[in-house]
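Structure data (TSV, N, CA and C atoms) from query-v1.tsv:
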chain	number	residue	atom	x	y	z
A	1	MET	N	74.89	124.83	44.63
A	1	MET	CA	74.89	123.73	45.55
A	1	MET	C	74.49	122.47	44.81
A	2	LYS	N	75.21	121.42	45.10
A	2	LYS	CA	74.97	120.17	44.40
A	2	LYS	C	74.09	119.26	45.24
A	3	ALA	N	73.13	118.65	44.62
A	3	ALA	CA	72.23	117.72	45.31
A	3	ALA	C	72.75	116.30	45.13
A	4	ILE	N	72.62	115.52	46.16
A	4	ILE	CA	73.03	114.13	46.11
A	4	ILE	C	71.77	113.27	46.15
A	5	GLU	N	71.65	112.39	45.17
A	5	GLU	CA	70.50	111.50	45.13
A	5	GLU	C	70.93	110.13	45.64
A	6	ILE	N	70.25	109.65	46.65
A	6	ILE	CA	70.55	108.36	47.24
A	6	ILE	C	69.47	107.39	46.79
A	7	ARG	N	69.90	106.33	46.12
A	7	ARG	CA	68.92	105.37	45.61
A	7	ARG	C	69.07	104.05	46.35
A	8	GLY	N	68.03	103.68	47.04
A	8	GLY	CA	67.97	102.37	47.67
A	8	GLY	C	68.78	102.25	48.94
A	9	PHE	N	68.69	101.08	49.52
A	9	PHE	CA	69.36	100.81	50.79
A	9	PHE	C	70.88	100.79	50.62
A	10	PHE	N	71.36	100.20	49.50
A	10	PHE	CA	72.80	100.17	49.24
A	10	PHE	C	73.36	101.58	49.08
A	11	GLY	N	72.62	102.45	48.44
A	11	GLY	CA	73.05	103.84	48.29
A	11	GLY	C	73.14	104.54	49.64
A	12	LEU	N	72.18	104.26	50.52
A	12	LEU	CA	72.20	104.84	51.86
A	12	LEU	C	73.40	104.34	52.64
A	13	LEU	N	73.67	103.01	52.57
A	13	LEU	CA	74.84	102.45	53.25
A	13	LEU	C	76.14	103.04	52.70
A	14	LEU	N	76.21	103.21	51.40
A	14	LEU	CA	77.40	103.79	50.78
A	14	LEU	C	77.58	105.23	51.23
A	15	PHE	N	76.51	105.99	51.29
A	15	PHE	CA	76.58	107.38	51.74
A	15	PHE	C	77.04	107.46	53.20
A	16	ILE	N	76.50	106.61	54.06
A	16	ILE	CA	76.89	106.60	55.48
A	16	ILE	C	78.36	106.22	55.62
A	17	ALA	N	78.80	105.21	54.86
A	17	ALA	CA	80.20	104.79	54.92
A	17	ALA	C	81.12	105.92	54.46
A	18	MET	N	80.75	106.62	53.39
A	18	MET	CA	81.56	107.74	52.90
A	18	MET	C	81.59	108.87	53.91
A	19	ALA	N	80.48	109.13	54.58
A	19	ALA	CA	80.44	110.19	55.59
A	19	ALA	C	81.33	109.83	56.77
A	20	ILE	N	81.29	108.57	57.20
A	20	ILE	CA	82.13	108.14	58.32
A	20	ILE	C	83.61	108.24	57.95
A	21	VAL	N	83.97	107.79	56.76
A	21	VAL	CA	85.37	107.87	56.32
A	21	VAL	C	85.82	109.32	56.23
A	22	THR	N	84.97	110.20	55.74
A	22	THR	CA	85.32	111.62	55.65
A	22	THR	C	85.56	112.23	57.02
A	23	VAL	N	84.70	111.92	57.98
A	23	VAL	CA	84.87	112.45	59.34
A	23	VAL	C	86.15	111.90	59.96
A	24	ILE	N	86.41	110.61	59.78
A	24	ILE	CA	87.62	110.01	60.34
A	24	ILE	C	88.87	110.65	59.73
A	25	LEU	N	88.88	110.85	58.43
A	25	LEU	CA	90.03	111.50	57.79
A	25	LEU	C	90.19	112.95	58.23
A	26	ALA	N	89.07	113.65	58.41
A	26	ALA	CA	89.13	115.05	58.84
A	26	ALA	C	89.68	115.18	60.26
A	27	ILE	N	89.52	114.15	61.06
A	27	ILE	CA	90.07	114.17	62.42
A	27	ILE	C	91.48	113.59	62.44
A	28	THR	N	91.72	112.51	61.70
A	28	THR	CA	92.98	111.79	61.77
A	28	THR	C	94.15	112.56	61.15
A	29	ILE	N	93.97	113.15	59.99
A	29	ILE	CA	95.08	113.79	59.30
A	29	ILE	C	95.64	114.99	60.08
A	30	PRO	N	94.82	115.97	60.50
A	30	PRO	CA	95.39	117.07	61.29
A	30	PRO	C	95.96	116.61	62.63
A	31	SER	N	95.33	115.62	63.26
A	31	SER	CA	95.82	115.12	64.54
A	31	SER	C	97.17	114.42	64.38
A	32	THR	N	97.34	113.69	63.30
A	32	THR	CA	98.62	113.03	63.05
A	32	THR	C	99.72	114.06	62.81
A	33	VAL	N	99.40	115.10	62.07
A	33	VAL	CA	100.39	116.17	61.85
A	33	VAL	C	100.76	116.82	63.18
A	34	THR	N	99.78	117.11	64.02
A	34	THR	CA	100.05	117.70	65.34
A	34	THR	C	100.88	116.75	66.19
A	35	TRP	N	100.53	115.49	66.19
A	35	TRP	CA	101.22	114.47	66.98
A	35	TRP	C	102.69	114.36	66.59
A	36	VAL	N	102.95	114.21	65.29
A	36	VAL	CA	104.32	114.06	64.81
A	36	VAL	C	105.11	115.34	65.05
A	37	THR	N	104.50	116.48	64.79
A	37	THR	CA	105.20	117.76	64.98
A	37	THR	C	105.53	117.97	66.45
A	38	TRP	N	104.59	117.74	67.34
A	38	TRP	CA	104.84	117.90	68.78
A	38	TRP	C	105.98	117.00	69.22
A	39	ASN	N	105.89	115.72	68.88
A	39	ASN	CA	106.91	114.78	69.34
A	39	ASN	C	108.28	115.07	68.73
A	40	ALA	N	108.30	115.61	67.50
A	40	ALA	CA	109.58	115.95	66.87
A	40	ALA	C	110.19	117.21	67.49
A	41	ILE	N	109.37	118.23	67.69
A	41	ILE	CA	109.91	119.50	68.18
A	41	ILE	C	110.06	119.49	69.69
A	42	ILE	N	108.97	119.27	70.39
A	42	ILE	CA	109.01	119.34	71.86
A	42	ILE	C	109.73	118.12	72.44
A	43	GLY	N	109.39	116.94	71.96
A	43	GLY	CA	109.96	115.72	72.52
A	43	GLY	C	111.44	115.56	72.25
A	44	GLU	N	111.85	115.72	71.01
A	44	GLU	CA	113.24	115.49	70.64
A	44	GLU	C	114.12	116.71	70.85
A	45	LEU	N	113.67	117.86	70.40
A	45	LEU	CA	114.50	119.06	70.44
A	45	LEU	C	114.64	119.63	71.85
A	46	PHE	N	113.52	119.75	72.56
A	46	PHE	CA	113.54	120.35	73.89
A	46	PHE	C	113.49	119.31	75.02
A	47	ARG	N	113.51	118.01	74.68
A	47	ARG	CA	113.44	116.94	75.67
A	47	ARG	C	112.20	117.06	76.56
A	48	GLY	N	111.12	117.47	75.96
A	48	GLY	CA	109.86	117.60	76.69
A	48	GLY	C	109.08	116.30	76.64
A	49	PRO	N	107.84	116.34	77.13
A	49	PRO	CA	107.02	115.12	77.15
A	49	PRO	C	106.54	114.73	75.75
A	50	MET	N	106.53	113.44	75.50
A	50	MET	CA	105.97	112.92	74.25
A	50	MET	C	104.46	112.75	74.48
A	51	ILE	N	103.67	112.90	73.43
A	51	ILE	CA	102.23	112.74	73.57
A	51	ILE	C	101.75	111.56	72.76
A	52	HIS	N	100.60	111.02	73.14
A	52	HIS	CA	99.96	109.93	72.43
A	52	HIS	C	98.98	110.51	71.40
A	53	PHE	N	98.46	109.63	70.55
A	53	PHE	CA	97.57	110.08	69.48
A	53	PHE	C	96.31	110.74	70.03
A	54	TRP	N	95.73	110.19	71.11
A	54	TRP	CA	94.49	110.75	71.67
A	54	TRP	C	94.75	112.14	72.25
A	55	GLN	N	95.93	112.33	72.82
A	55	GLN	CA	96.29	113.66	73.31
A	55	GLN	C	96.46	114.63	72.13
A	56	ALA	N	96.95	114.12	71.02
A	56	ALA	CA	97.10	114.95	69.83
A	56	ALA	C	95.74	115.38	69.28
A	57	ILE	N	94.74	114.50	69.38
A	57	ILE	CA	93.39	114.88	68.93
A	57	ILE	C	92.87	116.03	69.78
A	58	ILE	N	93.04	115.93	71.09
A	58	ILE	CA	92.59	117.00	72.00
A	58	ILE	C	93.37	118.29	71.73
A	59	LEU	N	94.69	118.18	71.56
A	59	LEU	CA	95.52	119.35	71.28
A	59	LEU	C	95.12	120.01	69.97
A	60	THR	N	94.82	119.22	68.96
A	60	THR	CA	94.38	119.76	67.67
A	60	THR	C	93.06	120.51	67.82
A	61	ALA	N	92.13	119.97	68.60
A	61	ALA	CA	90.86	120.66	68.83
A	61	ALA	C	91.07	121.97	69.56
A	62	ILE	N	91.94	121.97	70.56
A	62	ILE	CA	92.23	123.20	71.31
A	62	ILE	C	92.89	124.23	70.39
A	63	LEU	N	93.83	123.79	69.57
A	63	LEU	CA	94.47	124.71	68.63
A	63	LEU	C	93.46	125.28	67.63
A	64	GLY	N	92.54	124.45	67.17
A	64	GLY	CA	91.52	124.94	66.24
A	64	GLY	C	90.61	125.98	66.87
A	65	ILE	N	90.22	125.75	68.12
A	65	ILE	CA	89.39	126.73	68.83
A	65	ILE	C	90.16	128.02	69.06
A	66	ALA	N	91.45	127.90	69.43
A	66	ALA	CA	92.27	129.09	69.66
A	66	ALA	C	92.43	129.91	68.39
A	67	VAL	N	92.67	129.25	67.27
A	67	VAL	CA	92.81	129.95	65.99
A	67	VAL	C	91.51	130.65	65.63
A	68	LYS	N	90.38	129.98	65.84
A	68	LYS	CA	89.08	130.59	65.57
A	68	LYS	C	88.86	131.84	66.41
A	69	LEU	N	89.20	131.75	67.71
A	69	LEU	CA	89.00	132.90	68.60
A	69	LEU	C	89.96	134.04	68.29
A	70	ILE	N	91.16	133.73	67.84
A	70	ILE	CA	92.14	134.78	67.53
A	70	ILE	C	91.76	135.51	66.25
A	71	PHE	N	91.41	134.78	65.20
A	71	PHE	CA	91.18	135.40	63.90
A	71	PHE	C	89.73	135.82	63.66
A	72	GLN	N	88.77	135.29	64.40
A	72	GLN	CA	87.37	135.69	64.28
A	72	GLN	C	86.76	135.78	65.66
A	73	PRO	N	87.12	136.81	66.43
A	73	PRO	CA	86.67	136.85	67.83
A	73	PRO	C	85.24	137.31	68.04
A	74	GLN	N	84.52	137.62	66.98
A	74	GLN	CA	83.18	138.17	67.16
A	74	GLN	C	82.16	137.05	67.34
A	75	ILE	N	81.51	137.09	68.46
A	75	ILE	CA	80.40	136.17	68.72
A	75	ILE	C	79.22	137.04	69.16
A	76	ASN	N	78.15	137.01	68.41
A	76	ASN	CA	77.00	137.85	68.70
A	76	ASN	C	75.76	136.99	68.94
A	77	PHE	N	75.11	137.23	70.05
A	77	PHE	CA	73.83	136.60	70.34
A	77	PHE	C	72.84	137.71	70.63
A	78	GLN	N	71.76	137.74	69.88
A	78	GLN	CA	70.74	138.73	70.11
A	78	GLN	C	69.38	138.02	70.09
A	79	PHE	N	68.61	138.28	71.12
A	79	PHE	CA	67.27	137.69	71.22
A	79	PHE	C	66.27	138.82	71.39
A	80	LYS	N	65.19	138.77	70.63
A	80	LYS	CA	64.16	139.78	70.73
A	80	LYS	C	62.84	139.12	70.40
A	81	ARG	N	61.86	139.39	71.22
A	81	ARG	CA	60.53	138.87	70.96
A	81	ARG	C	59.86	139.77	69.92
A	82	VAL	N	59.34	139.16	68.88
A	82	VAL	CA	58.71	139.89	67.80
A	82	VAL	C	57.20	139.70	67.91
A	83	SER	N	56.48	140.81	67.88
A	83	SER	CA	55.03	140.73	68.08
A	83	SER	C	54.23	140.86	66.79
A	84	SER	N	54.88	141.34	65.71
A	84	SER	CA	54.12	141.51	64.47
A	84	SER	C	55.03	141.21	63.27
A	85	PRO	N	54.43	140.89	62.13
A	85	PRO	CA	55.24	140.63	60.92
A	85	PRO	C	56.01	141.88	60.46
A	86	GLU	N	55.44	143.05	60.69
A	86	GLU	CA	56.12	144.29	60.30
A	86	GLU	C	57.41	144.48	61.12
A	87	GLU	N	57.31	144.17	62.42
A	87	GLU	CA	58.49	144.30	63.28
A	87	GLU	C	59.56	143.28	62.87
A	88	LEU	N	59.13	142.09	62.47
A	88	LEU	CA	60.07	141.08	62.01
A	88	LEU	C	60.77	141.54	60.74
A	89	GLU	N	60.03	142.12	59.81
A	89	GLU	CA	60.62	142.62	58.57
A	89	GLU	C	61.61	143.75	58.84
A	90	GLU	N	61.30	144.63	59.78
A	90	GLU	CA	62.20	145.71	60.15
A	90	GLU	C	63.50	145.17	60.74
A	91	LEU	N	63.38	144.14	61.58
A	91	LEU	CA	64.58	143.53	62.16
A	91	LEU	C	65.43	142.86	61.08
A	92	ARG	N	64.79	142.22	60.12
A	92	ARG	CA	65.54	141.59	59.02
A	92	ARG	C	66.28	142.62	58.19
A	93	LYS	N	65.63	143.75	57.90
A	93	LYS	CA	66.28	144.82	57.14
A	93	LYS	C	67.47	145.37	57.91
A	94	ARG	N	67.30	145.58	59.21
A	94	ARG	CA	68.38	146.11	60.04
A	94	ARG	C	69.55	145.12	60.10
A	95	TYR	N	69.22	143.82	60.21
A	95	TYR	CA	70.26	142.80	60.26
A	95	TYR	C	71.03	142.74	58.94
A	96	ASP	N	70.30	142.80	57.81
A	96	ASP	CA	70.96	142.76	56.51
A	96	ASP	C	71.85	143.97	56.33
A	97	LYS	N	71.40	145.13	56.78
A	97	LYS	CA	72.20	146.35	56.67
A	97	LYS	C	73.45	146.25	57.52
A	98	ASP	N	73.33	145.73	58.77
A	98	ASP	CA	74.47	145.59	59.65
A	98	ASP	C	75.46	144.53	59.17
A	99	SER	N	74.97	143.45	58.58
A	99	SER	CA	75.88	142.39	58.15
A	99	SER	C	76.64	142.76	56.89
A	100	ASN	N	76.19	143.76	56.15
A	100	ASN	CA	76.90	144.19	54.95
A	100	ASN	C	77.96	145.25	55.23
A	101	LYS	N	78.09	145.68	56.48
A	101	LYS	CA	79.11	146.67	56.83
A	101	LYS	C	80.49	146.03	56.77
A	102	PRO	N	81.48	146.74	56.19
A	102	PRO	CA	82.84	146.21	56.24
A	102	PRO	C	83.42	146.38	57.64
A	103	ASN	N	84.26	145.42	58.08
A	103	ASN	CA	84.85	145.49	59.41
A	103	ASN	C	86.01	146.42	59.46

Here is the file; what I need is its structure written in the form of structure tokens.
Amino acid sequence: MKAIEIRGFFGLLLFIAMAIVTVILAITIPSTVTWVTWNAIIGELFRGPMIHFWQAIILTAILGIAVKLIFQPQINFQFKRVSSPEELEELRKRYDKDSNKPN
């Protein structure tokens, strides 16, 4: 893992600007691909409805969630109150053993 050293106020502003640009690009590029593809295939080929960019952002998010649920459907939530350090260590060992099992 690489550490980033931020020096001074200008470094902080530069880091924030880079983070904002990265987030904008991570949202804009896939949404633009979805937008253009939808309008080219559904709009032109099948004479369906054309969508706007904001609708493409929502559609991209829905597609991302659907892909996540299809290819990794496992969601596990387990809550247990631990009363002693020994019990906590036992739970950690059991969790490590279970997480190393092949699917």

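The space between CA of Phe53 (chain A) and atom N of Ala40 (chain A) spans 12.2 Å.
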
Exercise for the section: Determine which residues of region 47-102 of chain A DSSP labels as alpha helix (DSSP H) from the backbone of this structure, then write them out as a ChimeraX atom specification. Expected result: /A:53-71,85-99

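Atom N of Ile27 (chain A) is positioned 16.0 Å from CA of His52 (chain A).
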
Practice task
Using only C-alpha atoms, determine which residues lie at most 10 Å from region 56-72 of chain A, disregarding the query and same-chain residues fewer than 3 positions distant; provide the list as a ChimeraX atom specification.
Solution key: /A:27-39,51-53,75

Practice task
Figure out the distance between atom C of Ile24 (chain A) and atom C of Lys2 (chain A), please, to one decimal in Å.
Solution key: 22.4 Å
